[in-house]
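*Asks:* See structure_18.txt below, with compact mmCIF, C-alpha atoms.
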```txt
# COMPACT_ATOMS: atom_id res chain seq x y z
CA MET A 283 127.16 298.91 88.24
CA ARG A 284 127.52 296.18 85.67
CA LEU A 285 128.43 293.72 88.42
CA LEU A 286 125.28 294.51 90.40
CA ARG A 287 123.12 293.99 87.36
CA ALA A 288 124.80 290.66 86.70
CA GLN A 289 124.19 289.58 90.28
CA CYS A 290 120.50 290.48 89.95
CA VAL A 291 120.16 288.45 86.82
CA VAL A 292 121.77 285.45 88.49
CA ARG A 293 119.58 285.77 91.55
CA MET A 294 116.45 286.03 89.43
CA SER A 295 117.27 282.95 87.43
CA VAL A 296 118.01 280.99 90.59
CA THR A 297 114.68 282.05 92.06
CA ARG A 298 112.88 281.24 88.87
CA THR A 299 114.40 277.79 88.82
CA THR A 300 113.52 277.23 92.46
CA VAL A 301 109.91 278.24 91.88
CA ALA A 302 109.72 276.00 88.86
CA LEU A 303 111.16 273.12 90.82
CA HIS A 304 108.69 273.66 93.64
CA SER A 305 105.68 273.67 91.39
CA LYS A 306 106.95 270.64 89.56
CA TYR A 307 107.36 268.60 92.68
CA GLY A 308 104.12 269.82 94.22
CA GLU A 309 105.50 271.31 97.43
CA ALA A 310 103.44 274.47 97.45
CA SER A 311 101.82 274.04 94.13
CA THR A 312 99.03 276.38 93.31
CA GLY A 313 98.14 275.00 89.99
CA GLY A 314 101.02 273.01 88.79
CA TYR A 315 100.68 269.30 88.51
CA THR A 316 101.46 267.30 91.59
CA GLN A 317 103.72 264.37 91.17
CA SER A 318 104.11 262.13 94.17
CA PRO A 319 107.72 261.27 94.95
CA GLY A 320 109.14 257.90 94.16
CA GLY A 321 107.53 257.71 90.77
CA PHE A 322 104.35 256.15 91.94
CA GLY A 323 101.99 258.66 90.40
CA SER A 324 101.03 258.61 86.79
CA PRO A 325 103.18 261.20 85.03
CA ALA A 326 100.81 264.03 84.12
CA ALA A 327 103.63 265.42 82.08
CA SER A 328 102.37 267.73 79.41
CA GLN A 329 99.16 269.60 79.02
CA GLY A 330 96.62 267.43 77.31
CA GLY A 331 98.62 264.34 78.04
CA ASP A 332 99.66 261.59 75.75
CA LYS A 333 96.45 259.99 74.63
CA LYS A 334 97.96 256.82 73.29
CA GLY A 335 96.35 254.30 75.63
CA ARG A 336 99.64 253.36 77.30
CA SER A 337 99.83 256.68 79.15
CA ARG A 338 97.82 255.49 82.14
CA ALA A 339 99.52 252.54 83.78
CA GLN A 340 103.09 253.76 84.04
CA GLN A 341 103.70 252.53 87.55
CA ILE A 342 105.73 249.45 88.23
CA VAL A 343 103.59 247.26 90.44
CA PRO A 344 104.86 244.50 92.71
CA CYS A 345 102.79 241.39 92.03
CA THR A 346 102.53 237.68 92.59
CA VAL A 347 102.56 235.19 89.74
CA SER A 348 99.03 234.20 90.71
CA GLN A 349 97.86 237.79 90.22
CA LEU A 350 99.53 237.96 86.83
CA MET A 351 97.92 234.70 85.77
CA SER A 352 94.51 235.81 87.07
CA ALA A 353 94.66 239.30 85.58
CA VAL A 354 91.77 240.18 83.33
CA GLN A 355 92.73 241.34 79.87
CA ALA A 356 90.71 243.91 77.97
CA GLU A 357 92.35 244.65 74.59
CA ASP A 358 95.92 245.31 75.61
CA VAL A 359 95.27 246.36 79.17
CA PHE A 360 95.70 243.97 82.09
CA LYS A 361 93.91 244.44 85.39
CA VAL A 362 94.28 242.76 88.76
CA GLY A 363 91.03 243.68 90.45
CA GLU A 364 90.98 247.43 89.98
CA VAL A 365 94.71 247.73 89.60
CA GLU A 366 95.90 248.28 86.07
CA ILE A 367 99.23 246.58 85.46
CA ALA A 368 101.79 246.76 82.73
CA GLN A 369 105.27 246.89 84.29
CA VAL A 370 105.52 244.57 87.25
CA THR A 371 108.03 243.05 89.62
CA ILE A 372 107.98 239.55 91.01
CA VAL A 373 110.35 237.80 93.39
CA GLY A 374 110.86 234.07 93.14
CA VAL A 375 113.27 231.21 92.76
CA ILE A 376 114.53 230.02 89.38
CA ARG A 377 113.42 226.48 88.66
CA ASN A 378 114.45 226.21 85.06
CA THR A 379 116.67 227.91 82.52
CA ASP A 380 116.95 227.76 78.76
CA LYS A 381 119.43 229.85 76.84
CA SER A 382 119.47 230.53 73.13
CA THR A 383 121.53 233.01 71.16
CA ILE A 384 118.90 235.68 71.34
CA ASN A 385 117.28 235.18 74.71
CA ILE A 386 117.33 233.48 78.08
CA GLN A 387 114.14 231.86 79.30
CA TYR A 388 113.54 231.22 82.98
CA LYS A 389 110.77 229.65 84.97
CA VAL A 390 110.39 231.63 88.18
CA ASP A 391 108.49 230.21 91.14
CA ASP A 392 107.13 232.56 93.80
CA MET A 393 104.99 229.88 95.52
CA THR A 394 101.67 231.46 94.53
CA ALA A 395 101.15 229.43 91.36
CA ALA A 396 103.02 227.32 88.82
CA PRO A 397 106.40 228.84 87.87
CA MET A 398 106.06 231.77 85.48
CA ASP A 399 107.72 232.04 82.08
CA VAL A 400 110.18 234.88 82.03
CA LYS A 401 111.97 235.90 78.89
CA GLN A 402 115.02 238.09 78.81
CA TRP A 403 116.36 239.27 75.48
CA ILE A 404 120.09 239.18 75.09
CA ASP A 405 121.60 242.38 73.86
CA THR A 406 124.65 241.04 72.08
CA GLU A 407 126.11 244.49 71.54
CA ASP A 408 125.75 245.88 75.03
CA MET A 409 128.84 244.72 76.85
CA GLY A 410 127.73 246.45 80.04
CA VAL A 411 124.94 243.96 80.57
CA ASP A 412 125.74 240.60 82.12
CA ASN A 413 124.13 237.96 79.97
CA SER A 414 125.22 234.90 81.88
CA VAL A 415 122.45 232.54 82.88
CA ILE A 416 121.44 232.59 86.53
CA PRO A 417 121.40 229.02 87.88
CA PRO A 418 118.29 227.24 89.18
CA GLY A 419 117.82 227.54 92.93
CA SER A 420 118.70 231.22 92.89
CA TYR A 421 116.24 233.77 94.20
CA VAL A 422 115.73 236.69 91.83
CA LYS A 423 113.74 239.86 91.42
CA VAL A 424 112.31 240.18 87.94
CA SER A 425 111.13 243.48 86.52
CA GLY A 426 109.29 243.40 83.24
CA ASN A 427 106.14 243.65 81.21
CA LEU A 428 103.26 241.22 81.31
CA ARG A 429 102.46 239.66 77.99
CA SER A 430 99.78 237.29 76.80
CA PHE A 431 100.25 235.21 73.68
CA GLN A 432 97.88 232.46 72.63
CA ASN A 433 96.45 232.22 76.12
CA ASN A 434 99.92 231.93 77.59
CA ARG A 435 101.02 234.55 80.09
CA SER A 436 104.66 235.48 80.40
CA LEU A 437 106.93 238.26 81.53
CA VAL A 438 109.31 240.01 79.20
CA ALA A 439 111.99 241.09 81.61
CA PHE A 440 114.16 244.16 81.38
CA SER A 441 115.89 243.17 84.59
CA VAL A 442 116.56 239.86 86.30
CA ARG A 443 118.60 240.47 89.43
CA VAL A 444 119.89 237.89 91.88
CA LEU A 445 118.88 238.71 95.44
CA GLU A 446 121.81 239.36 97.70
CA ASP A 447 119.62 240.22 100.65
CA MET A 448 116.98 237.54 101.20
CA ASN A 449 114.97 240.00 103.26
CA GLU A 450 113.81 241.27 99.87
CA VAL A 451 111.56 238.21 99.81
CA THR A 452 109.82 239.52 102.90
CA SER A 453 109.72 243.10 101.68
CA HIS A 454 108.28 242.06 98.32
CA MET A 455 105.50 240.13 100.09
CA LEU A 456 104.57 243.26 102.02
CA GLU A 457 104.96 245.55 99.01
CA VAL A 458 102.55 243.41 96.98
CA VAL A 459 99.86 243.56 99.66
CA ASN A 460 100.44 247.27 100.15
CA ALA A 461 100.37 248.15 96.46
CA HIS A 462 97.19 246.24 95.80
CA MET A 463 95.45 247.59 98.88
CA GLN A 464 96.38 251.19 98.10
CA GLN A 465 95.37 250.90 94.50
CA SER A 466 92.03 249.34 95.24
CA LYS A 467 90.90 252.89 95.91
CA PRO A 468 89.74 255.21 93.11
CA GLN A 469 92.56 256.11 90.69
CA SER A 470 92.12 259.80 91.42
CA MET A 471 93.92 259.45 94.76
CA MET A 472 97.52 260.50 94.47
CA GLY A 473 100.14 260.64 97.16
CA GLY A 474 98.01 258.65 99.57
CA GLY A 475 95.87 261.39 101.06
CA ALA A 476 93.68 260.05 103.82
CA GLY A 477 89.99 260.31 104.27
CA THR A 478 88.64 261.96 101.15
CA ASN A 479 86.07 259.28 100.38
CA MET A 480 85.31 256.60 102.89
CA MET A 481 84.99 253.27 101.18
CA PRO A 482 81.87 251.43 102.31
CA THR A 483 82.72 248.03 103.70
CA ALA A 484 79.26 246.61 103.03
CA HIS A 485 80.04 244.76 99.83
CA ALA A 486 83.17 243.03 100.98
CA SER A 487 83.11 240.11 98.60
CA MET A 488 86.15 238.00 99.39
CA SER A 489 86.68 236.99 95.79
CA SER A 490 90.17 235.83 95.02
CA THR A 491 90.65 238.15 92.06
CA GLY A 492 91.39 240.91 94.51
CA SER A 493 88.45 243.20 93.78
CA TYR A 494 87.74 243.54 97.50
CA SER A 495 88.10 247.18 98.40
CA GLY A 496 86.88 247.13 101.97
CA ALA A 497 89.90 246.92 104.19
CA SER A 498 91.54 250.03 102.79
CA MET A 499 94.53 251.68 104.36
CA MET A 500 92.60 254.92 104.85
CA LEU A 501 92.37 255.92 108.45
CA VAL A 502 89.57 258.07 109.82
CA ASN A 503 89.98 258.99 113.49
CA GLY A 504 93.03 256.79 113.35
CA LEU A 505 90.81 253.77 112.72
CA SER A 506 90.34 251.77 109.55
CA ALA A 507 86.98 251.48 107.84
CA ASN A 508 86.32 248.06 109.39
CA GLN A 509 87.29 249.23 112.86
CA ASN A 510 85.04 252.28 112.51
CA GLN A 511 82.15 250.15 111.44
CA VAL A 512 82.44 247.88 114.49
CA LEU A 513 82.85 250.86 116.79
CA SER A 514 79.77 252.61 115.38
CA LEU A 515 77.69 249.52 115.97
CA ILE A 516 78.90 249.27 119.55
CA LYS A 517 78.22 252.98 120.09
CA SER A 518 74.74 252.69 118.68
CA CYS A 519 73.67 250.22 121.35
CA HIS A 520 72.24 251.89 124.43
CA GLU A 521 71.60 248.78 126.50
CA PRO A 522 73.34 248.87 129.90
CA GLN A 523 75.12 245.57 129.18
CA GLY A 524 76.09 246.75 125.74
CA ILE A 525 75.97 244.90 122.43
CA SER A 526 76.71 241.19 122.27
CA MET A 527 79.15 239.34 120.02
CA GLN A 528 76.13 237.55 118.57
CA ASP A 529 74.60 240.82 117.44
CA LEU A 530 77.86 242.01 116.00
CA LYS A 531 78.27 238.78 114.02
CA GLN A 532 74.74 239.10 112.71
CA LYS A 533 75.04 242.72 111.69
CA LEU A 534 78.52 242.34 110.20
CA SER A 535 77.86 239.42 107.90
CA SER A 536 80.80 240.44 105.73
CA MET A 537 83.36 240.01 108.51
CA SER A 538 84.49 236.71 109.92
CA VAL A 539 84.29 236.08 113.65
CA THR A 540 88.07 236.09 113.80
CA VAL A 541 88.25 239.52 112.24
CA ILE A 542 85.52 240.90 114.50
CA ARG A 543 87.28 239.49 117.55
CA GLN A 544 90.58 241.03 116.43
CA ILE A 545 88.92 244.41 115.96
CA VAL A 546 87.14 244.24 119.30
CA ASP A 547 90.43 243.38 121.01
CA PHE A 548 92.12 246.28 119.32
CA LEU A 549 89.36 248.76 120.18
CA SER A 550 89.43 247.57 123.76
CA ASN A 551 93.21 247.98 124.01
CA GLU A 552 92.93 251.47 122.58
CA GLY A 553 90.30 252.37 125.12
CA HIS A 554 87.36 252.89 122.76
CA ILE A 555 85.26 250.10 124.28
CA PHE A 556 85.08 247.89 127.35
CA SER A 557 83.50 244.55 128.11
CA THR A 558 80.57 244.38 130.52
CA ILE A 559 78.81 241.28 131.87
CA ASP A 560 81.21 238.95 130.10
CA GLU A 561 83.83 238.82 127.35
CA ASP A 562 81.17 238.88 124.68
CA HIS A 563 79.39 242.11 125.58
CA PHE A 564 80.80 245.54 124.82
CA ARG A 565 80.04 249.18 125.40
CA SER A 566 81.66 252.29 124.07
CA THR A 567 83.68 254.43 126.45
CA ASP A 568 82.33 257.55 124.72
CA ASN A 569 79.16 258.78 126.35
CA GLU A 570 76.93 259.38 123.39
CA ALA A 571 73.79 261.30 124.28
CA MET B 44 105.23 214.42 93.31
CA THR B 45 105.93 216.89 90.52
CA GLY B 46 102.44 218.23 91.11
CA VAL B 47 103.84 220.20 94.03
CA TYR B 48 106.01 222.38 91.81
CA GLU B 49 103.12 223.35 89.59
CA SER B 50 100.74 224.05 92.46
CA PRO B 51 100.41 227.09 94.64
CA LYS B 52 102.43 226.49 97.79
CA PRO B 53 101.14 228.75 100.55
CA ARG B 54 103.83 230.10 102.83
CA ILE B 55 103.12 228.85 106.32
CA ASN B 56 104.71 228.56 109.74
CA ALA B 57 104.59 225.66 112.20
CA SER B 58 101.32 226.75 113.84
CA MET B 59 99.54 226.48 110.50
CA LEU B 60 100.69 222.96 109.62
CA ALA B 61 97.55 221.34 111.01
CA GLN B 62 95.37 223.41 108.69
CA TYR B 63 97.30 222.36 105.60
CA ILE B 64 97.33 218.58 105.94
CA GLY B 65 97.31 217.00 102.51
CA ARG B 66 98.21 220.27 100.80
CA PRO B 67 101.40 221.61 99.25
CA VAL B 68 103.14 224.33 101.25
CA SER B 69 106.36 226.24 101.43
CA PHE B 70 108.08 226.56 104.77
CA VAL B 71 111.05 228.76 105.63
CA GLY B 72 112.91 228.02 108.84
CA ARG B 73 116.21 227.78 110.62
CA LEU B 74 117.91 224.40 110.44
CA GLU B 75 118.05 222.95 113.93
CA LYS B 76 118.81 219.29 113.41
CA VAL B 77 119.64 216.88 110.65
CA HIS B 78 118.84 213.24 111.23
CA PRO B 79 121.93 210.99 110.92
CA SER B 80 120.32 209.33 107.90
CA GLY B 81 120.24 212.69 106.17
CA LYS B 82 116.61 212.11 105.27
CA ALA B 83 114.94 214.11 107.99
CA LEU B 84 115.38 217.65 109.29
CA THR B 85 113.98 219.86 112.00
CA LEU B 86 113.39 223.50 111.14
CA SER B 87 112.30 226.22 113.52
CA ASP B 88 110.10 229.08 112.31
CA GLY B 89 110.10 232.78 113.21
CA GLU B 90 108.08 232.02 116.34
CA GLY B 91 110.56 229.43 117.52
CA LYS B 92 108.21 226.52 116.81
CA SER B 93 109.54 223.44 115.11
CA ALA B 94 108.52 221.54 112.04
CA SER B 95 109.72 218.12 110.95
CA VAL B 96 110.71 217.65 107.36
CA GLU B 97 111.26 214.38 105.52
CA LEU B 98 113.27 214.28 102.34
CA ASN B 99 112.96 211.93 99.36
CA ASP B 100 116.68 211.52 99.03
CA PRO B 101 119.26 211.97 101.73
CA LEU B 102 121.07 215.29 101.86
CA ASP B 103 124.26 215.27 99.88
CA GLU B 104 125.51 218.61 101.09
CA GLU B 105 126.07 220.53 104.30
CA LEU B 106 123.07 222.66 105.08
CA SER B 107 122.93 225.38 107.69
CA GLY B 108 121.08 228.54 108.55
CA ILE B 109 117.85 229.37 106.78
CA VAL B 110 116.26 226.76 104.53
CA GLU B 111 113.07 226.88 102.50
CA VAL B 112 111.35 223.57 101.78
CA ILE B 113 108.36 222.85 99.61
CA GLY B 114 106.24 219.75 99.93
CA MET B 115 103.02 218.16 101.08
CA VAL B 116 101.95 218.15 104.70
CA SER B 117 101.40 214.60 105.95
CA ASN B 118 98.70 213.42 108.34
CA LYS B 119 101.22 213.62 111.13
CA GLY B 120 101.96 217.27 110.35
CA THR B 121 105.39 216.66 108.90
CA ILE B 122 106.41 218.16 105.60
CA MET B 123 107.20 215.59 102.90
CA ALA B 124 109.65 217.76 101.03
CA VAL B 125 110.21 217.56 97.30
CA SER B 126 112.89 220.23 97.26
CA TYR B 127 114.75 222.71 99.40
CA THR B 128 116.48 226.04 98.82
CA GLN B 129 119.10 227.51 101.06
CA TYR B 130 118.58 231.22 101.75
CA ARG B 131 121.92 232.92 101.31
CA GLU B 132 123.20 234.94 104.20
CA ASP B 133 126.72 235.61 102.95
CA LYS B 134 126.14 239.35 102.73
CA ILE B 135 123.12 240.09 104.89
CA SER B 136 121.46 237.87 107.47
CA PHE B 137 117.84 236.90 107.03
CA ASP B 138 115.35 238.20 109.59
CA LEU B 139 113.21 235.14 110.21
CA GLU B 140 111.01 236.84 112.80
CA LEU B 141 110.18 239.60 110.33
CA TYR B 142 109.44 237.00 107.66
CA ASN B 143 107.01 235.40 110.11
CA GLU B 144 105.24 238.74 110.56
CA GLY B 145 105.10 239.18 106.78
CA LEU B 146 103.64 235.71 106.46
CA LYS B 147 100.83 236.66 108.81
CA VAL B 148 100.07 239.70 106.68
CA LEU B 149 99.73 237.44 103.64
CA HIS B 150 97.20 235.32 105.43
CA ASP B 151 95.30 238.36 106.67
CA PHE B 152 94.95 239.68 103.14
CA PRO B 153 94.50 236.70 100.83
CA GLN B 154 92.66 238.93 98.39
CA HIS B 155 95.86 240.89 97.81
CA TYR B 156 98.24 237.92 97.86
CA PRO B 157 96.32 234.96 96.44
CA PHE B 158 97.80 231.48 96.63
CA GLU B 159 95.61 230.41 93.76
CA VAL B 160 94.87 231.33 90.20
CA SER B 161 91.32 232.35 89.41
CA LEU B 162 90.38 231.64 85.85
CA SER B 163 88.67 234.67 84.40
CA GLY B 164 87.92 236.11 81.01
```
For the file at hand, write its structure as structure tokens.
*Replies:*
Amino acid sequence: MRLLRAQCVVRMSVTRTTVALHSKYGEASTGGYTQSPGGFGSPAASQGGDKKGRSRAQQIVPCTVSQLMSAVQAEDVFKVGEVEIAQVTIVGVIRNTDKSTINIQYKVDDMTAAPMDVKQWIDTEDMGVDNSVIPPGSYVKVSGNLRSFQNNRSLVAFSVRVLEDMNEVTSHMLEVVNAHMQQSKPQSMMGGGAGTNMMPTAHASMSSTGSYSGASMMLVNGLSANQNQVLSLIKSCHEPQGISMQDLKQKLSSMSVTVIRQIVDFLSNEGHIFSTIDEDHFRSTDNEA
Amino acid sequence: MTGVYESPKPRINASMLAQYIGRPVSFVGRLEKVHPSGKALTLSDGEGKSASVELNDPLDEELSGIVEVIGMVSNKGTIMAVSYTQYREDKISFDLELYNEGLKVLHDFPQHYPFEVSLSG
């Protein structure tokens, strides 16, 4: 009898833990907070949240030095376009080193701008940390916080790691583009859900500060916003010979000819459109009434 | 030519050389040939196309495999290199074709990977 009761207690606590775990990690959450895996969501930890200003940008964002140098600073918050940044990673080659008793200073060049100042404090007591200076010519991944002091931007690094796999250069390039594209959407999107609000591509200002939010990664019908826009225009033309490249260029003033051509090629390959009298006239394969 | 170090150096492949004449660039490629003088190299990019590189000073070491050079593109489309970095492949080999694809992504999305600093606020 006592044994049975003990077993029930154990089973209940296991179930309780499992339920708690599920709601914490948002699997079948009915009201718990969802936290996207991989630590990319802002930690909505406790009820009411920590209101101390720093609670928002807790993601570590892959960046380029140029983005860090161009970031707009409002009080103690940095922004690259719409992306708020605090902890960042960069990948570059060390051009310069300078060691003192309390810190190591590097200049890291990732080809996007002049080499960036990176400061790494030496923890003299922590014997687990390797405080030897990494030589110039080495490729490293730096993780740290962006700082601005007297108009000078620098990174205070908590990690400077030599790359053993140079393919990390390539992956960082892609991660930067991905992170900044994803985060150019409204902050309320978590976990990358597709298609909640379709970003209008009309105001695609190609400014270099990265505030362009047109070419988002959101797919509707399996097509991006730009692709959908071109397809709609083609569909809307009821002429037998279809719409011409000229018309498309005129109506899509925000897209370059190259981009339009790429999209048209893609749509054609996917079977959404076909060319008619020549390579510059297109019709949709869907028969719209 | 110390100006090259301090400038943005767009990552390009051989097909893009013509568009970057007179500008600083960074080029990653496989070492194909070293001129006997040690002052000129031929690198091939991820698409198999070649680029000629001229060095200020002759090479004083054995180079092989993947090399990254930075420098200005001359009128003839050669890269006047101010420095080079060997990409280590002692543990894992470098996928040059994949790097080439990544490079194209950078050029497709300059707004998310700017090779320039915009001075704001």
*Asks:* Show me, as a compact mmCIF listing (two decimals) with C-alpha atoms, keeping the file's coordinate frame, every residue of chain B with an atom at most 10 Å from chain A, counting all atoms listed in the file.
*Replies:*
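Writing the result to result-v2.txt gives the following:
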```
# COMPACT_ATOMS: atom_id res chain seq x y z
CA GLY B 46 102.44 218.23 91.11
CA VAL B 47 103.84 220.20 94.03
CA TYR B 48 106.01 222.38 91.81
CA GLU B 49 103.12 223.35 89.59
CA SER B 50 100.74 224.05 92.46
CA PRO B 51 100.41 227.09 94.64
CA LYS B 52 102.43 226.49 97.79
CA PRO B 53 101.14 228.75 100.55
CA ARG B 54 103.83 230.10 102.83
CA PRO B 67 101.40 221.61 99.25
CA VAL B 68 103.14 224.33 101.25
CA SER B 69 106.36 226.24 101.43
CA ILE B 109 117.85 229.37 106.78
CA ILE B 113 108.36 222.85 99.61
CA SER B 126 112.89 220.23 97.26
CA TYR B 127 114.75 222.71 99.40
CA THR B 128 116.48 226.04 98.82
CA GLN B 129 119.10 227.51 101.06
CA TYR B 130 118.58 231.22 101.75
CA ARG B 131 121.92 232.92 101.31
CA GLU B 132 123.20 234.94 104.20
CA ASP B 133 126.72 235.61 102.95
CA LYS B 134 126.14 239.35 102.73
CA ILE B 135 123.12 240.09 104.89
CA SER B 136 121.46 237.87 107.47
CA PHE B 137 117.84 236.90 107.03
CA ASP B 138 115.35 238.20 109.59
CA LEU B 139 113.21 235.14 110.21
CA LEU B 141 110.18 239.60 110.33
CA TYR B 142 109.44 237.00 107.66
CA ASN B 143 107.01 235.40 110.11
CA GLU B 144 105.24 238.74 110.56
CA GLY B 145 105.10 239.18 106.78
CA LEU B 146 103.64 235.71 106.46
CA VAL B 148 100.07 239.70 106.68
CA LEU B 149 99.73 237.44 103.64
CA ASP B 151 95.30 238.36 106.67
CA PHE B 152 94.95 239.68 103.14
CA PRO B 153 94.50 236.70 100.83
CA GLN B 154 92.66 238.93 98.39
CA HIS B 155 95.86 240.89 97.81
CA TYR B 156 98.24 237.92 97.86
CA PRO B 157 96.32 234.96 96.44
CA PHE B 158 97.80 231.48 96.63
CA GLU B 159 95.61 230.41 93.76
CA VAL B 160 94.87 231.33 90.20
CA SER B 161 91.32 232.35 89.41
CA LEU B 162 90.38 231.64 85.85
CA SER B 163 88.67 234.67 84.40
CA GLY B 164 87.92 236.11 81.01
```
*Asks:* Need to verify the contact set: Met123 (chain B), 7 Å, only C-alpha atoms, exclusion of same-chain residues closer than 4 positions in sequence. Can you return it as number ranges by chain?
*Replies:* B: 96-98, 114-117
*Asks:* Using all atoms listed in the file, determine which residues lie at most 10 Å from Gln62 (chain B), disregarding the query and same-chain residues fewer than 4 positions distant; provide the list as JSON, numbers by chain.
*Replies:* {"B": [55, 58, 66, 116, 120]}
*Asks:* Between CA of Pro101 (chain B) and CA of Ser80 (chain B), what is the spacing in Å?
*Replies:*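 That distance, rounded to one decimal, is 6.8 Å.
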*Asks:* Which polymer residues have any atom within 10 Å of an atom of His78 (chain B), counting all atoms listed in the file, with same-chain residues fewer than 4 positions away left out, as a list in words?
*Replies:*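 Counting only the stated atoms, we get Lys82, Ala83, Leu84, Thr85, Glu97, Pro101 and Leu102 of chain B.
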*Asks:* Quick one: residues within 7 Å of Ala94 (chain B), all atoms listed in the file counted, chain neighbours fewer than 6 positions away excluded, as an mmCIF file with C-alpha atoms, in the frame of the given file?
*Replies:*
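After the write, selection_39.cif holds the following:
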```
data_model
loop_
_atom_site.group_PDB
_atom_site.id
_atom_site.type_symbol
_atom_site.label_atom_id
_atom_site.label_comp_id
_atom_site.auth_asym_id
_atom_site.auth_seq_id
_atom_site.Cartn_x
_atom_site.Cartn_y
_atom_site.Cartn_z
ATOM 1 C CA ALA B 57 104.590 225.660 112.200
ATOM 2 C CA THR B 85 113.980 219.860 112.000
ATOM 3 C CA LEU B 86 113.390 223.500 111.140
ATOM 4 C CA SER B 87 112.300 226.220 113.520
ATOM 5 C CA THR B 121 105.390 216.660 108.900
#
```
*Asks:* For Asp88 (chain B), which residue out of B:Asp103, B:Gly72, B:Gly108, B:Lys147 is the nearest one, using all atoms listed in the file?
*Replies:*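 The closest residue to Asp88 (chain B) is B:Gly72.
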*Asks:* Region 550-562 of chain A: which residues within 10 Å, counting only C-alpha atoms, same-chain residues fewer than 6 positions away excluded, as a list of chain:residue names?
*Replies:* A:Leu513, A:Ile516, A:Lys517, A:Pro522, A:Gln523, A:Gly524, A:Ile525, A:Ser526, A:Met527, A:Gln528, A:Asp529, A:Leu530, A:Arg543, A:Gln544, A:Asp568
*Asks:* Report, in Å to a single decimal, how far apart CA of Val422 (chain A) and CA of Ser436 (chain A) are.
*Replies:*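 About the pair CA of Ser436 (chain A) and CA of Val422 (chain A): they are 16.0 Å apart.
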*Asks:* Given all atoms listed in the file as the basis, pick out the residue of B:Asn118, B:Gly81, B:Val125, B:Gly89 nearest to Leu106 (chain B).
*Replies:*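 Closest to Leu106 (chain B) of all the choices is B:Gly81.
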*Asks:* List as a ChimeraX atom specification the residues having at least one atom at most 9 Å from position (103.8, 248.3, 87.4) as given in the file, counting only C-alpha atoms.
*Replies:* /A:339-345,366-371,425-427
*Asks:* What is the CA of Val444 (chain A)-CA of Ile386 (chain A) distance in Å, reported with one decimal?
*Replies:*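 Interatomic distance here is 14.7 Å.
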